[in-house]
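Next comes coords-v1.cif, with mmCIF, C-alpha atoms.
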data_target
loop_
_atom_site.label_atom_id
_atom_site.label_comp_id
_atom_site.auth_asym_id
_atom_site.auth_seq_id
_atom_site.Cartn_x
_atom_site.Cartn_y
_atom_site.Cartn_z
CA MET C 1 65.40 145.57 93.36
CA THR C 2 68.75 144.96 91.63
CA ASP C 3 69.14 142.70 88.58
CA GLU C 4 70.94 140.19 90.77
CA GLU C 5 68.04 140.14 93.26
CA THR C 6 65.53 139.80 90.43
CA GLN C 7 67.44 136.86 88.96
CA TYR C 8 67.74 135.24 92.39
CA LYS C 9 63.96 135.59 92.87
CA LYS C 10 63.27 133.97 89.48
CA GLY C 11 65.55 131.06 90.33
CA LEU C 12 63.99 130.70 93.78
CA ASP C 13 60.48 130.68 92.27
CA ILE C 14 61.50 127.85 89.93
CA LEU C 15 63.05 125.91 92.81
CA GLN C 16 59.96 126.41 95.00
CA ASN C 17 57.72 125.07 92.21
CA SER C 18 59.89 121.99 91.68
CA GLU C 19 60.07 118.64 93.43
CA PHE C 20 63.26 119.71 95.21
CA ARG C 21 63.27 120.99 98.77
CA VAL C 22 64.15 124.61 99.38
CA THR C 23 66.97 124.54 101.92
CA LYS C 24 69.22 127.25 103.30
CA GLN C 25 72.15 125.70 101.41
CA ARG C 26 70.26 125.79 98.11
CA LYS C 27 69.17 129.40 98.74
CA ASP C 28 72.77 130.41 99.47
CA LEU C 29 73.96 128.57 96.37
CA LEU C 30 71.31 130.33 94.27
CA LYS C 31 72.26 133.71 95.71
CA TYR C 32 75.93 133.09 94.92
CA LEU C 33 75.24 131.86 91.39
CA SER C 34 72.93 134.81 90.66
CA LYS C 35 76.08 136.98 90.66
CA PHE C 36 77.23 135.13 87.55
CA GLU C 37 74.64 135.95 84.91
CA SER C 38 77.12 137.40 82.44
CA GLN C 39 80.15 135.29 83.26
CA TYR C 40 80.82 131.60 83.82
CA VAL C 41 82.38 130.42 87.06
CA SER C 42 84.07 127.07 87.56
CA VAL C 43 82.20 124.48 89.58
CA THR C 44 85.39 124.14 91.62
CA ASP C 45 85.10 127.82 92.63
CA VAL C 46 81.43 127.34 93.47
CA ASP C 47 82.32 124.33 95.59
CA SER C 48 85.05 126.33 97.40
CA PHE C 49 82.53 129.08 98.17
CA MET C 50 80.06 126.55 99.58
CA GLN C 51 82.83 124.92 101.63
CA GLN C 52 83.53 128.30 103.24
CA LEU C 53 79.87 128.73 104.19
CA TYR C 54 79.27 125.10 105.13
CA PRO C 55 82.55 123.39 106.06
CA ASN C 56 80.82 120.03 106.47
CA VAL C 57 79.00 120.03 103.13
CA SER C 58 80.25 117.35 100.78
CA HIS C 59 81.51 118.12 97.30
CA THR C 60 78.91 115.69 96.01
CA THR C 61 76.08 117.75 97.52
CA THR C 62 77.25 120.93 95.80
CA TYR C 63 77.71 119.18 92.45
CA ARG C 64 74.30 117.49 92.77
CA ASN C 65 72.61 120.82 93.54
CA ILE C 66 74.25 122.41 90.50
CA LYS C 67 73.08 119.49 88.35
CA GLU C 68 69.53 119.88 89.68
CA PHE C 69 69.61 123.64 89.04
CA SER C 70 70.74 122.90 85.50
CA GLU C 71 67.90 120.41 84.98
CA LEU C 72 65.45 123.07 86.21
CA GLY C 73 66.93 125.64 83.80
CA ILE C 74 68.20 127.89 86.59
CA VAL C 75 71.83 127.62 85.52
CA GLU C 76 73.61 126.98 82.24
CA GLN C 77 76.53 124.55 82.10
CA ARG C 78 79.52 124.58 79.81
CA SER C 79 82.66 122.48 79.69
CA GLU C 80 85.90 124.17 78.76
CA ASN C 81 89.33 122.54 78.82
CA GLY C 82 87.89 119.61 80.75
CA GLN C 83 86.47 121.84 83.49
CA LEU C 84 82.77 122.30 84.16
CA ASN C 85 81.64 125.92 84.36
CA VAL C 86 78.24 127.33 85.22
CA LYS C 87 76.44 130.63 85.05
CA PHE C 88 73.02 131.78 86.12
CA GLN C 89 70.36 131.55 83.41
CA CYS C 90 70.31 134.83 81.50
CA ASP C 91 66.95 134.26 79.80
CA PHE C 92 64.25 132.31 81.62
CA VAL C 93 61.74 133.00 78.82
CA SER C 94 63.88 131.63 76.00
CA PRO C 95 66.45 129.26 77.50
CA GLN C 96 67.53 128.06 74.02
CA HIS C 97 69.86 130.87 73.03
CA GLY C 98 73.47 131.41 72.08
CA HIS C 99 76.33 133.31 73.65
CA PHE C 100 79.08 135.65 72.57
CA PHE C 101 82.23 135.13 74.66
CA CYS C 102 84.64 138.02 75.02
CA GLN C 103 88.12 136.54 74.95
CA ASN C 104 89.54 139.54 76.78
CA CYS C 105 87.24 140.32 79.73
CA HIS C 106 85.39 136.95 79.68
CA ARG C 107 81.99 138.64 79.63
CA VAL C 108 79.22 136.46 78.23
CA ILE C 109 76.49 138.13 76.16
CA LYS C 110 73.24 136.39 75.24
CA ILE C 111 72.49 136.30 71.52
CA ASP C 112 69.51 135.10 69.52
CA SER C 113 70.21 131.67 68.08
CA SER C 114 67.16 131.28 65.89
CA LEU C 115 67.87 130.12 62.37
CA SER C 116 67.87 132.71 59.62
CA PRO C 117 65.49 132.08 56.71
CA ALA C 118 68.44 131.30 54.40
CA LEU C 119 69.87 128.76 56.84
CA LYS C 120 66.43 127.19 57.37
CA ASP C 121 66.08 126.78 53.60
CA SER C 122 69.47 125.09 53.35
CA LEU C 123 68.46 122.64 56.10
CA LYS C 124 64.91 121.92 54.97
CA GLU C 125 65.60 118.17 54.60
CA PHE C 126 66.76 118.00 58.22
CA LEU C 127 64.97 118.13 61.54
CA VAL C 128 66.87 120.55 63.79
CA LEU C 129 66.33 119.51 67.40
CA ASN C 130 68.68 121.86 69.18
CA ILE C 131 70.93 124.77 68.38
CA LYS C 132 74.09 125.55 70.29
CA LEU C 133 75.58 128.80 69.09
CA GLU C 134 78.85 130.11 70.53
CA LEU C 135 80.74 133.06 69.10
CA PHE C 136 84.13 134.25 70.33
CA GLY C 137 85.86 137.59 69.94
CA LEU C 138 86.13 141.01 71.58
CA CYS C 139 83.08 142.70 73.09
CA ASP C 140 82.19 146.33 72.45
CA ARG C 141 83.78 147.49 75.72
CA CYS C 142 87.10 145.78 75.04
CA GLN C 143 87.20 147.10 71.47
CA GLN C 144 86.59 150.62 72.79
CA ASN C 145 89.31 150.19 75.42
CA ASP C 146 91.75 149.08 72.69
CA LYS C 147 90.98 152.23 70.68
CA THR C 148 91.53 154.55 73.66
CA ALA C 149 94.74 152.84 74.88
#
Mind turning the file's structure into structure tokens?
Amino acid sequence: MTDEETQYKKGLDILQNSEFRVTKQRKDLLKYLSKFESQYVSVTDVDSFMQQLYPNVSHTTTYRNIKEFSELGIVEQRSENGQLNVKFQCDFVSPQHGHFFCQNCHRVIKIDSSLSPALKDSLKEFLVLNIKLELFGLCDRCQQNDKTA
């Protein structure tokens, strides 16, 4: 089983154990989104894909399904330049994590976002409820390509 198939199965299991119905449209949407575990895709592109498969599906239905998948933790959402982007959850065990964004190839790499002991000490008067860690730069592959070019 490929990584993409494994991710799809995890997402499908979550959907099947939720209050939401498992429909062919939702399965197809899950299958499509499972291709985007290490890269965000615009919701507009997702909607275009669904329009090709189901010409009569409303934009609202696609957006609602994405919102429901996000609430279930199947996809991660991110807004950039006023546009909503989504990617398939890259860590179902620890959904609170950070990401490194390669500014060249646009690959997204999961990183641990737990607080270091020094940072915890400096925040001891505060109650941290959520951490959103985003780092930007060049990934290892792009750095290597720059060296060989």
Restricting the calculation to all atoms listed in the file: of C:Asp140, C:Glu134, C:Glu19, C:Asp47, which residue gets closest to C:His99? C:Glu134
Stretch 32-48 of chain C: axis-aligned bounding box, 3 Å on each side, centre and edge lengths in Å, one decimal, as lines of an AutoDock Vina configuration file:
center_x = 79.2
center_y = 130.8
center_z = 89.9
size_x = 18.5
size_y = 19.3
size_z = 21.0
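Between atom CA of C:Gly11 and atom CA of C:Cys102 the separation is 25.4 Å.
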Can you spell out as a PyMOL selection string the set of residues that the PyMOL selection byres ((chain C and resi 73) around 10) selects in the structure I just provided? chain C and resi 11+14-15+67-72+74-77+88-89+91-92+95
Which residue out of C:Gln39, C:Gln25, C:Ala118, C:Lys124 has the minimum interatomic distance to C:Pro55 when all atoms listed in the file are used? C:Gln25
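If only C-alpha atoms are the atoms counted, then among C:Leu123, C:Cys90, C:Val108, C:Leu135 the closest residue to C:Asp3 is C:Cys90.
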Taking only C-alpha atoms into account, name the residue in C:Met50, C:Ser38, C:Asp146, C:Ser58 that is nearest to C:Ile109. C:Ser38
Please, what distance in Å, to one decimal, runs between atom CA of C:Val86 and atom CA of C:Ser42?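 That distance, rounded to one decimal, is 6.3 Å.
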With distances taken over only C-alpha atoms, which of C:Leu33, C:Cys142, C:Ile66, C:Leu127 is nearest to C:His106?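 Once distances to C:His106 are computed over only C-alpha atoms, the minimum belongs to C:Cys142.
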Distance query C:Asn130 at most 12 Å, only C-alpha atoms, self and fewer than 3 positions along chain excluded, as a compact mmCIF listing (two decimals) with C-alpha atoms, in the frame of the given file:
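This went into around.txt:
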# COMPACT_ATOMS: atom_id res chain seq x y z
CA PRO C 95 66.45 129.26 77.50
CA GLN C 96 67.53 128.06 74.02
CA HIS C 97 69.86 130.87 73.03
CA GLY C 98 73.47 131.41 72.08
CA SER C 113 70.21 131.67 68.08
CA SER C 114 67.16 131.28 65.89
CA LEU C 115 67.87 130.12 62.37
CA PHE C 126 66.76 118.00 58.22
CA LEU C 127 64.97 118.13 61.54
CA LEU C 133 75.58 128.80 69.09
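Minimum atom-to-atom distances from C:Thr44, C:Glu80, C:Asp112, C:Gln52 to C:Ser94 were compared using only C-alpha atoms, and the lowest value belongs to C:Asp112.
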Give me the residues within 6 Å of C:Asn85 as a list of chain:residue names, counting all atoms listed in the file and dropping any in the same chain fewer than 3 places off.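 Here the answer would be C:Tyr40, C:Val41, C:Ser42, C:Val43, C:Gln77, C:Arg78, C:Ser79.
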For the structure shown, which residues end up in the PyMOL selection byres ((chain C and resi 26) around 10)? Put them as a ChimeraX atom specification, please? /C:12,15,20-25,27-32,50,61-62,65-66,69
